[in-house]
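Trainee: Let me give you the structure first, and then I'll get to my questions.
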Amino acid sequence: MREAVNELWPEIAWIEDGKLREQVALAWGRALERSPLKPDDLNRIPFTLLVPNCPITFMEHKRCVVHIARKSAESMNEFMGRSLPVNVDTVIAGAILADVGKLLEYEIGPDGQARQSERGEALRHPFTGVALALECGVPDEVCHIIAAHAAEGDQVKRTTEAYIVHHADFMAYLPFKNPKNLKAKQR
């Protein structure tokens with residue numbers, strides 16, 4: 001399973017803290033083991049079920065979010081780090097793990113299309129993602145990002161790192177809610 005995680009997530013290597021890097025990889029490995037989805041499905045299924053005919057895959061979205069979050073964290077450290085230091089490893093780990101719970105929230109239906117699983121109807125991915133991460137020893141500051149990256153996080157006080165991941169995620173999601181923004185042919 002580690003080989004599949006490494007193939008999906010070359011960005012895990014950006015995490016400088018070796019222990020955190022291993023915890024992130026372990027959480028993804030456990031999610032893949034328990035998921036009805038196969039690693040290849042993540043490069044095929046839409047990143048969201050909330051956008052009809054979503055043209056972007058799960059992994060395209062996820063990797064974009066990680067890249068946006070990392071660059072944002074680095075820029076914030078460059079210009080504001082004296083007063084508002086950002087832990088870049090925490091941001092990267094949180095961005096990689098933010099949607100790990102979707103592996104338990106989604107399944108492939110009889111028609112070959114992604115759909116919400118029965119578990120997904122009861123527990124959205126921030127909840128299952130935190131459970132997976134805690135099981136793998138992921139630190140609380142990263143679990144906070146997983147919990148707070150989506151709308152559920154509007155009810156808590158987000159850390160700076162959680163704000164970065166939250167906004168990176170929504171930057172790569174909200175434009176798809178307006179069909180006029182789409183330039184490429186939808187699948």
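If you're wondering about the labels, chains in the structure tokens are A, B, ... by order shown, residues count from 1 in each chain, ligands from 1 in order shown.
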Near A:Gly137, counting only C-alpha atoms, which residues have an atom at most 10 Å away, once you skip same-chain residues fewer than 3 positions from it, shown as a PyMOL selection string?

Mentor: chain A and resi 19-20+22-24+26-27+132-134+140+143

Trainee: Go ahead and save the picked residues with all heavy atoms, as a CSV table (one decimal), in the first residue's frame.

Mentor:
chain,number,residue,atom,x,y,z
A,19,LYS,N,8.8,11.9,11.3
A,19,LYS,CA,7.8,11.3,12.0
A,19,LYS,C,6.4,11.7,11.4
A,19,LYS,O,5.5,10.8,11.2
A,19,LYS,CB,7.8,11.6,13.5
A,19,LYS,CG,6.8,10.9,14.3
A,19,LYS,CD,6.9,11.2,15.8
A,19,LYS,CE,5.9,10.5,16.6
A,19,LYS,NZ,6.0,10.8,18.0
A,20,LEU,N,6.2,13.0,11.2
A,20,LEU,CA,5.0,13.4,10.6
A,20,LEU,C,4.8,12.9,9.2
A,20,LEU,O,3.7,12.5,8.8
A,20,LEU,CB,4.9,15.0,10.6
A,20,LEU,CG,3.7,15.6,10.1
A,20,LEU,CD1,2.4,15.2,10.8
A,20,LEU,CD2,3.8,17.1,10.1
A,22,GLU,N,5.8,10.1,8.0
A,22,GLU,CA,5.3,8.7,8.2
A,22,GLU,C,3.9,8.6,8.6
A,22,GLU,O,3.2,7.7,8.2
A,22,GLU,CB,6.3,7.9,9.1
A,22,GLU,CG,7.6,7.7,8.5
A,22,GLU,CD,7.6,7.0,7.2
A,22,GLU,OE1,6.9,5.9,7.0
A,22,GLU,OE2,8.3,7.4,6.2
A,23,GLN,N,3.5,9.4,9.5
A,23,GLN,CA,2.1,9.4,10.0
A,23,GLN,C,1.1,9.7,8.9
A,23,GLN,O,0.1,9.1,8.8
A,23,GLN,CB,1.9,10.4,11.2
A,23,GLN,CG,2.7,9.9,12.4
A,23,GLN,CD,2.9,11.1,13.4
A,23,GLN,OE1,2.9,12.3,13.1
A,23,GLN,NE2,2.9,10.7,14.7
A,24,VAL,N,1.5,10.7,8.1
A,24,VAL,CA,0.6,11.1,7.0
A,24,VAL,C,0.5,9.9,6.0
A,24,VAL,O,-0.6,9.6,5.5
A,24,VAL,CB,1.1,12.4,6.3
A,24,VAL,CG1,0.4,12.6,5.0
A,24,VAL,CG2,1.0,13.6,7.2
A,26,LEU,N,1.0,6.8,6.6
A,26,LEU,CA,0.3,5.7,7.2
A,26,LEU,C,-1.2,5.9,7.2
A,26,LEU,O,-2.0,5.0,6.9
A,26,LEU,CB,0.7,5.5,8.7
A,26,LEU,CG,0.1,4.4,9.5
A,26,LEU,CD1,0.3,3.1,8.9
A,26,LEU,CD2,0.6,4.5,11.0
A,27,ALA,N,-1.7,7.2,7.5
A,27,ALA,CA,-3.1,7.5,7.4
A,27,ALA,C,-3.7,7.2,6.0
A,27,ALA,O,-4.8,6.7,5.9
A,27,ALA,CB,-3.4,8.9,7.9
A,132,LEU,N,-9.2,8.6,11.3
A,132,LEU,CA,-8.1,7.9,10.6
A,132,LEU,C,-6.7,8.5,11.1
A,132,LEU,O,-5.8,7.8,11.4
A,132,LEU,CB,-8.2,7.9,9.1
A,132,LEU,CG,-9.1,7.0,8.4
A,132,LEU,CD1,-9.3,7.5,7.0
A,132,LEU,CD2,-8.6,5.6,8.4
A,133,ALA,N,-6.7,9.8,11.1
A,133,ALA,CA,-5.4,10.5,11.4
A,133,ALA,C,-5.1,10.2,12.9
A,133,ALA,O,-3.9,9.9,13.2
A,133,ALA,CB,-5.6,12.0,11.2
A,134,LEU,N,-6.0,10.3,13.8
A,134,LEU,CA,-5.7,10.1,15.2
A,134,LEU,C,-5.2,8.7,15.4
A,134,LEU,O,-4.3,8.4,16.2
A,134,LEU,CB,-7.0,10.3,16.1
A,134,LEU,CG,-7.3,11.8,16.3
A,134,LEU,CD1,-8.7,11.9,16.9
A,134,LEU,CD2,-6.3,12.5,17.1
A,140,ASP,N,-2.5,16.7,17.0
A,140,ASP,CA,-3.7,17.5,17.0
A,140,ASP,C,-3.8,18.7,16.1
A,140,ASP,O,-4.8,19.0,15.6
A,140,ASP,CB,-4.0,17.9,18.5
A,140,ASP,CG,-4.3,16.8,19.4
A,140,ASP,OD1,-4.6,15.7,18.9
A,140,ASP,OD2,-4.4,17.0,20.6
A,143,CYS,N,-4.8,17.4,12.9
A,143,CYS,CA,-6.2,16.9,12.9
A,143,CYS,C,-7.2,18.1,13.0
A,143,CYS,O,-8.2,18.0,12.4
A,143,CYS,CB,-6.4,16.0,14.2
A,143,CYS,SG,-5.5,14.4,14.0

Trainee: If you count only C-alpha atoms, which residues fall within 12 Å of stretch 40-56 of chain A, apart from same-chain ones fewer than 4 positions away, as a ChimeraX atom specification?

Mentor: /A:4-5,7-9,32,35-36,60-65,99-100,102-103,105-109,112-117,120,125,169-170,172-179,181-187

Trainee: Work out how far apart atom CA of A:Ile145 and atom CA of A:Val165 are and give it in Å to one decimal.

Mentor: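 Straight-line distance from atom CA of A:Ile145 to atom CA of A:Val165 works out to 7.1 Å.
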
Trainee: Of the residues A:Glu135, A:Glu121, A:Glu161, A:Asp111, which is the one nearest to A:Trp28, using only C-alpha atoms?

Mentor: A:Glu135

Trainee: Return the single residue from A:Arg30, A:Arg70, A:Arg158, A:Arg2 that is closest to A:Ile96, with distances computed using only C-alpha atoms.

Mentor: A:Arg70

Trainee: Per DSSP on the backbone, what are the strand (DSSP E or B) residues of stretch 35-172 of chain A, as a list in words?

Mentor: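 The residues of stretch 35-172 of chain A classed as strand (DSSP E or B) are Pro46, Thr57, Tyr106, Glu107, Ile108, Ala114, Arg115 and Gln116 of chain A.
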
Trainee: Stretch 16-123 of chain A near stretch 150-155 of chain A within 12 Å: what's each residue's closest atom pair and its distance in Å to one decimal, counting only C-alpha atoms, ordered by chain then ascending residue number, as a tab-separated table?

Mentor:
residue	atom	partner	partner_atom	distance
A:Ala95	CA	A:Ala150	CA	11.6
A:Ala98	CA	A:Ala150	CA	8.6
A:Asp99	CA	A:Ala150	CA	9.4
A:Gly101	CA	A:Ala150	CA	12.0
A:Leu123	CA	A:Glu152	CA	11.7

Trainee: Those residues you just picked out, can you put them in a file as an mmCIF file, in the first residue's frame with C-alpha atoms?

Mentor:
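part_10.cif, freshly written:
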data_model
loop_
_atom_site.group_PDB
_atom_site.id
_atom_site.type_symbol
_atom_site.label_atom_id
_atom_site.label_comp_id
_atom_site.auth_asym_id
_atom_site.auth_seq_id
_atom_site.Cartn_x
_atom_site.Cartn_y
_atom_site.Cartn_z
ATOM 1 C CA ALA A 95 -3.698 19.739 3.144
ATOM 2 C CA ALA A 98 -7.935 17.104 4.567
ATOM 3 C CA ASP A 99 -9.946 14.819 2.278
ATOM 4 C CA GLY A 101 -11.941 10.667 4.849
ATOM 5 C CA LEU A 123 -20.321 10.790 8.623
#

Trainee: Enumerate, as a PyMOL selection string, the complete set of residues in chain A that a backbone-based DSSP assignment places in alpha helix (DSSP H).

Mentor: chain A and resi 2-8+18-34+58-80+88-97+102-105+118-122+125-135+140-148+160-171

Trainee: Restricting the calculation to only C-alpha atoms, which member of A:Ser72, A:Pro10, A:His166, A:Arg119 is positioned closest to A:Met59?

Mentor: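 Looking only at the distances to A:Met59, the closest residue turns out to be A:Pro10.
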
Trainee: Env of A:Arg21: 10 Å cut, atoms = only C-alpha atoms, seq-sep filter 6 positions within chain, self excluded. Answer as a PyMOL selection string.

Mentor: chain A and resi 11-15+89+92-93+138

Trainee: Tell me, in Å to one decimal, how far atom CA of A:Ala73 is from atom CA of A:Ile146.

Mentor: 16.5 Å

Trainee: For each of A:Val66, A:Thr160, A:Glu118, A:Lys180, take the minimum atom-to-atom distance to A:Gly81, counting only C-alpha atoms, then give the residue where this is smallest.

Mentor: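 Looking only at the distances to A:Gly81, the closest residue turns out to be A:Thr160.
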
Trainee: Grab the atom CA of A:Phe58 to atom CA of A:Val142 distance for me, in Å with one decimal place.

Mentor: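 Taking atom CA of A:Phe58 as the start and atom CA of A:Val142 as the end point, the length is 20.6 Å.
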
Trainee: Which one is closest to A:Met1: A:Gly129, A:Val88, A:Arg34, A:Ala69? Count only C-alpha atoms.

Mentor: A:Arg34

Trainee: Using only C-alpha atoms, find the one residue out of A:Pro110, A:Asp17, A:Ala31, A:Ile68 that sits nearest to A:Cys136.

Mentor: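 Using only C-alpha atoms, the shortest distance to A:Cys136 belongs to A:Ala31.
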